[in-house]
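S.K.: Structure file run_16.txt (compact mmCIF, C-alpha atoms) right here:
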# COMPACT_ATOMS: atom_id res chain seq x y z
CA GLN A 23 21.41 152.76 49.55
CA GLN A 24 24.26 150.92 51.23
CA GLN A 25 24.92 153.56 53.88
CA VAL A 26 24.23 153.43 57.56
CA LYS A 27 24.08 156.88 59.13
CA GLN A 28 25.02 157.16 62.80
CA SER A 29 24.58 159.99 65.28
CA PRO A 30 25.79 161.68 67.37
CA GLN A 31 29.47 161.72 66.51
CA SER A 32 30.36 162.10 70.17
CA LEU A 33 28.47 161.87 73.45
CA ILE A 34 29.27 162.81 77.02
CA VAL A 35 27.15 161.27 79.78
CA GLN A 36 27.39 161.37 83.56
CA LYS A 37 27.87 158.11 85.42
CA GLY A 38 24.50 156.49 85.98
CA GLY A 39 22.88 158.26 83.05
CA ILE A 40 21.42 156.84 79.85
CA SER A 41 23.48 156.90 76.64
CA ILE A 42 21.51 156.84 73.40
CA ILE A 43 23.05 156.34 69.95
CA ASN A 44 20.97 156.38 66.80
CA CYS A 45 21.36 154.83 63.36
CA ALA A 46 19.36 155.02 60.16
CA TYR A 47 19.50 152.98 56.98
CA GLU A 48 17.89 153.03 53.53
CA ASN A 49 18.31 149.53 52.15
CA THR A 50 15.20 147.61 53.19
CA ALA A 51 16.97 144.34 52.40
CA PHE A 52 19.09 144.72 55.53
CA ASP A 53 17.91 142.22 58.12
CA TYR A 54 20.70 141.97 60.65
CA PHE A 55 21.76 144.91 62.80
CA PRO A 56 24.68 144.45 65.20
CA TRP A 57 26.31 146.97 67.48
CA TYR A 58 30.05 146.86 68.07
CA GLN A 59 32.11 148.39 70.88
CA GLN A 60 35.70 149.42 70.24
CA PHE A 61 38.26 150.42 72.85
CA PRO A 62 41.45 152.26 71.83
CA GLY A 63 44.01 149.88 70.38
CA LYS A 64 41.50 147.06 70.08
CA GLY A 65 39.35 145.68 67.32
CA PRO A 66 35.56 146.08 67.45
CA ALA A 67 33.73 143.55 69.64
CA LEU A 68 30.12 142.49 69.14
CA LEU A 69 27.92 143.96 71.86
CA ILE A 70 24.38 143.06 70.86
CA ALA A 71 22.47 142.40 67.62
CA ILE A 72 18.86 142.45 66.47
CA ARG A 73 16.76 141.25 63.57
CA PRO A 74 13.80 143.31 62.30
CA ASP A 75 11.17 140.81 63.44
CA VAL A 76 11.44 142.23 66.97
CA SER A 77 11.20 145.83 68.10
CA GLU A 78 13.48 145.58 71.11
CA LYS A 79 16.25 143.40 72.46
CA LYS A 80 17.81 143.74 75.87
CA GLU A 81 21.03 142.27 77.22
CA GLY A 82 21.96 143.52 80.66
CA ARG A 83 22.32 147.30 80.54
CA PHE A 84 22.29 147.36 76.72
CA THR A 85 19.07 147.63 74.72
CA ILE A 86 18.49 147.89 70.97
CA SER A 87 15.28 149.54 69.86
CA PHE A 88 14.25 148.91 66.27
CA ASN A 89 11.74 150.86 64.17
CA LYS A 90 11.27 149.05 60.87
CA SER A 91 8.88 151.58 59.33
CA ALA A 92 11.24 154.47 60.05
CA LYS A 93 14.29 152.39 59.10
CA GLN A 94 15.98 153.40 62.32
CA PHE A 95 17.53 151.59 65.25
CA SER A 96 19.18 152.77 68.41
CA LEU A 97 21.38 151.59 71.25
CA HIS A 98 20.50 152.52 74.80
CA ILE A 99 23.05 152.06 77.57
CA MET A 100 21.35 152.23 80.93
CA ASP A 101 23.23 153.18 84.12
CA SER A 102 26.26 154.20 82.02
CA GLN A 103 29.62 153.53 83.65
CA PRO A 104 33.08 155.02 83.04
CA GLY A 105 34.13 151.58 81.74
CA ASP A 106 31.58 152.03 78.93
CA SER A 107 33.69 154.86 77.51
CA ALA A 108 34.53 153.61 74.02
CA THR A 109 33.57 154.09 70.39
CA TYR A 110 30.33 152.42 69.35
CA PHE A 111 29.49 151.38 65.81
CA CYS A 112 26.18 150.30 64.42
CA ALA A 113 26.23 148.04 61.39
CA ALA A 114 23.90 146.28 58.99
CA SER A 115 24.00 143.33 56.67
CA ILE A 116 21.81 140.89 54.83
CA MET A 117 21.69 137.48 56.47
CA ASP A 118 22.18 134.39 54.36
CA SER A 119 23.12 136.20 51.19
CA SER A 120 25.67 138.88 51.99
CA TYR A 121 29.10 138.67 53.38
CA LYS A 122 29.89 142.18 54.50
CA LEU A 123 28.97 144.40 57.40
CA ILE A 124 28.15 148.01 56.53
CA PHE A 125 29.29 150.13 59.45
CA GLY A 126 28.16 153.53 60.63
CA SER A 127 30.77 156.20 61.24
CA GLY A 128 30.92 155.63 64.99
CA THR A 129 30.04 157.44 68.21
CA ARG A 130 32.70 158.26 70.76
CA LEU A 131 31.13 157.90 74.21
CA LEU A 132 32.67 159.41 77.31
CA VAL A 133 31.08 158.59 80.66
CA ARG A 134 32.19 161.00 83.35
CA PRO A 135 32.56 159.70 86.95
CA GLU B 178 40.18 129.15 72.57
CA THR B 179 42.59 131.52 70.80
CA GLY B 180 41.16 134.76 69.45
CA VAL B 181 41.95 136.50 66.18
CA THR B 182 45.54 137.64 65.97
CA GLN B 183 47.14 140.02 63.50
CA SER B 184 50.71 140.92 62.63
CA PRO B 185 52.46 143.22 62.61
CA THR B 186 50.78 145.65 65.03
CA HIS B 187 52.27 148.72 63.38
CA LEU B 188 53.94 149.33 60.05
CA ILE B 189 55.45 152.33 58.28
CA LYS B 190 55.89 152.26 54.51
CA THR B 191 56.57 154.80 51.80
CA ARG B 192 54.38 155.57 48.83
CA GLY B 193 54.73 153.03 46.02
CA GLN B 194 55.88 150.20 48.25
CA GLN B 195 54.09 146.92 48.82
CA VAL B 196 52.87 145.54 52.15
CA THR B 197 51.63 142.19 53.47
CA LEU B 198 49.47 141.94 56.57
CA ARG B 199 48.72 138.67 58.30
CA CYS B 200 45.77 137.29 60.23
CA SER B 201 45.22 134.09 62.18
CA SER B 202 41.57 133.25 62.53
CA GLN B 203 39.91 132.11 65.72
CA SER B 204 39.98 128.38 66.33
CA GLY B 205 37.19 126.63 64.41
CA HIS B 206 36.55 129.54 62.05
CA ASN B 207 36.84 129.02 58.29
CA THR B 208 35.99 132.53 57.08
CA VAL B 209 38.11 135.66 57.20
CA SER B 210 37.01 139.18 56.30
CA TRP B 211 39.28 142.20 55.95
CA TYR B 212 38.25 145.77 56.72
CA GLN B 213 39.96 149.14 56.41
CA GLN B 214 39.27 151.66 59.17
CA ALA B 215 40.40 155.20 58.46
CA LEU B 216 40.93 157.48 61.45
CA GLY B 217 37.61 158.52 62.94
CA GLN B 218 35.58 156.34 60.56
CA GLY B 219 33.81 153.02 60.68
CA PRO B 220 35.42 149.93 59.16
CA GLN B 221 34.95 149.47 55.41
CA PHE B 222 34.74 145.99 53.93
CA ILE B 223 37.62 145.03 51.63
CA PHE B 224 36.97 141.35 50.91
CA GLN B 225 36.14 138.01 52.46
CA TYR B 226 37.71 134.58 52.09
CA TYR B 227 35.74 131.42 52.68
CA ARG B 228 37.44 128.06 52.45
CA GLU B 229 40.40 129.58 50.59
CA GLU B 230 38.26 131.30 47.92
CA GLU B 231 37.40 135.00 47.66
CA ASN B 232 33.75 135.19 48.61
CA GLY B 233 33.02 138.84 48.01
CA ARG B 234 34.73 142.17 47.55
CA GLY B 235 34.05 145.77 48.50
CA ASN B 236 34.89 148.91 46.53
CA PHE B 237 38.64 148.56 46.66
CA PRO B 238 40.99 148.54 43.64
CA PRO B 239 42.75 145.37 42.44
CA ARG B 240 45.99 146.41 44.11
CA PHE B 241 44.31 145.13 47.27
CA SER B 242 44.57 141.35 47.12
CA GLY B 243 44.44 138.49 49.54
CA LEU B 244 44.96 134.85 50.25
CA GLN B 245 43.58 132.30 52.62
CA PHE B 246 45.61 129.24 53.57
CA PRO B 247 44.46 125.68 54.37
CA ASN B 248 44.66 126.46 58.10
CA TYR B 249 42.28 129.41 57.38
CA SER B 250 44.84 132.07 58.21
CA SER B 251 44.92 134.90 55.72
CA GLU B 252 47.04 137.60 54.17
CA LEU B 253 46.15 141.03 52.84
CA ASN B 254 48.52 142.41 50.22
CA VAL B 255 48.51 146.01 49.07
CA ASN B 256 50.63 147.04 46.09
CA ALA B 257 51.68 150.52 45.00
CA LEU B 258 50.83 152.06 48.36
CA GLU B 259 49.19 155.48 48.38
CA LEU B 260 49.02 158.01 51.19
CA ASP B 261 45.29 157.35 51.57
CA ASP B 262 46.03 153.71 52.40
CA SER B 263 47.11 154.85 55.85
CA ALA B 264 44.58 153.23 58.16
CA LEU B 265 43.91 150.49 60.68
CA TYR B 266 43.45 147.18 58.88
CA LEU B 267 41.15 144.80 60.69
CA CYS B 268 40.74 141.11 60.19
CA ALA B 269 37.60 139.33 61.36
CA SER B 270 36.92 135.63 61.44
CA SER B 271 33.63 133.77 61.56
CA SER B 272 32.37 130.20 61.39
CA GLY B 273 30.95 130.42 57.89
CA ALA B 274 30.16 133.10 55.36
CA GLY B 275 26.98 135.13 55.25
CA GLY B 276 25.87 138.40 56.73
CA GLY B 277 24.43 137.03 59.94
CA LYS B 278 27.51 135.22 61.14
CA THR B 279 29.13 136.88 64.12
CA GLN B 280 32.45 138.32 63.08
CA TYR B 281 35.20 138.37 65.68
CA PHE B 282 37.76 141.08 65.08
CA GLY B 283 41.46 141.11 65.73
CA PRO B 284 43.26 144.16 67.19
CA GLY B 285 44.30 145.37 63.75
CA THR B 286 47.46 146.48 62.01
CA ARG B 287 48.04 150.21 61.88
CA LEU B 288 49.65 151.15 58.57
CA LEU B 289 51.20 154.54 57.96
CA VAL B 290 52.19 155.44 54.41
CA LEU B 291 54.62 158.34 54.08
Go ahead and render the structure in this file as structure tokens.
M.R.:
Amino acid sequence: QQQVKQSPQSLIVQKGGISIINCAYENTAFDYFPWYQQFPGKGPALLIAIRPDVSEKKEGRFTISFNKSAKQFSLHIMDSQPGDSATYFCAASIMDSSYKLIFGSGTRLLVRP
Amino acid sequence: ETGVTQSPTHLIKTRGQQVTLRCSSQSGHNTVSWYQQALGQGPQFIFQYYREEENGRGNFPPRFSGLQFPNYSSELNVNALELDDSALYLCASSSGAGGGKTQYFGPGTRLLVL
């Protein structure tokens, strides 16, 4: 119930391509879904977040798509760049009542030049 | 604006020992959360401190304990270390408790238990 399942575990994309990472959850009480980016030796950094009242949110090259009925959400990285090579984590929490982020297991993205 | 800082960056301990990790929250933040990130895994919530009180706890045994100080910095203490405690320990600060508050992570402390 508290899990967030993330796929794929790793992803290789050519420069300029689209990277797509998927997450699924079971707890329908989750209402806040952030994505974090983590570079080696660094802590995770918030990339973009969405609430379930919208189906899509775009910030620059990064887009979250959200499917409430399927309990799935995904991160799309358009025009992927070598500098995007990092580990990406989806997460979920309950706004206003919870205190913890439930993280997925991560996706290691490699963007080839 | 100073970000979240953690010390030490790396630590090696032996099984059964005790360890204290430290975190300075970002300026203006009164909430600190601690996470354990095993190699190749996502961070797992340990506990959160809000205004010097524990505000919630994950599925970690009591030998994981913490403190928050009046300046909102925090410590994570782990007693009776086990091999499985080897991980990256992340501290995150936010301006208030609650699931929707953006958490800003520090670089972590990598603990190796031998």
S.K.: So, with all atoms listed in the file as the atoms that count, which of B:Ser201, B:Ser210, B:Ser184, B:Gln195 lies closest to chain A?
M.R.: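 Answer, going by the shortest atom-to-atom distance: B:Ser210.
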S.K.: Using only C-alpha atoms, I'd like every residue of chain B that has an atom within 9 Å of chain A; please write them out as a PyMOL selection string.
M.R.: chain B and resi 210+217-225+232-235+267-269+274-285
S.K.: Would you mind listing what lies within 9 Å of A:Ile70 as JSON, numbers by chain, with all atoms listed in the file counted and same-chain residues fewer than 2 positions away left out?
M.R.: {"A": [55, 56, 57, 58, 68, 72, 79, 80, 81, 84, 85, 86]}
S.K.: Would you compute the distance between atom CA of A:Gly39 and atom CA of A:Ser107? Give it in Å to one decimal.
M.R.: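 The value is 12.6 Å.
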S.K.: Using atom CA of B:Pro238 and atom CA of A:Ala46 as the two end points, give the distance in Å to one decimal.
M.R.: 28.0 Å
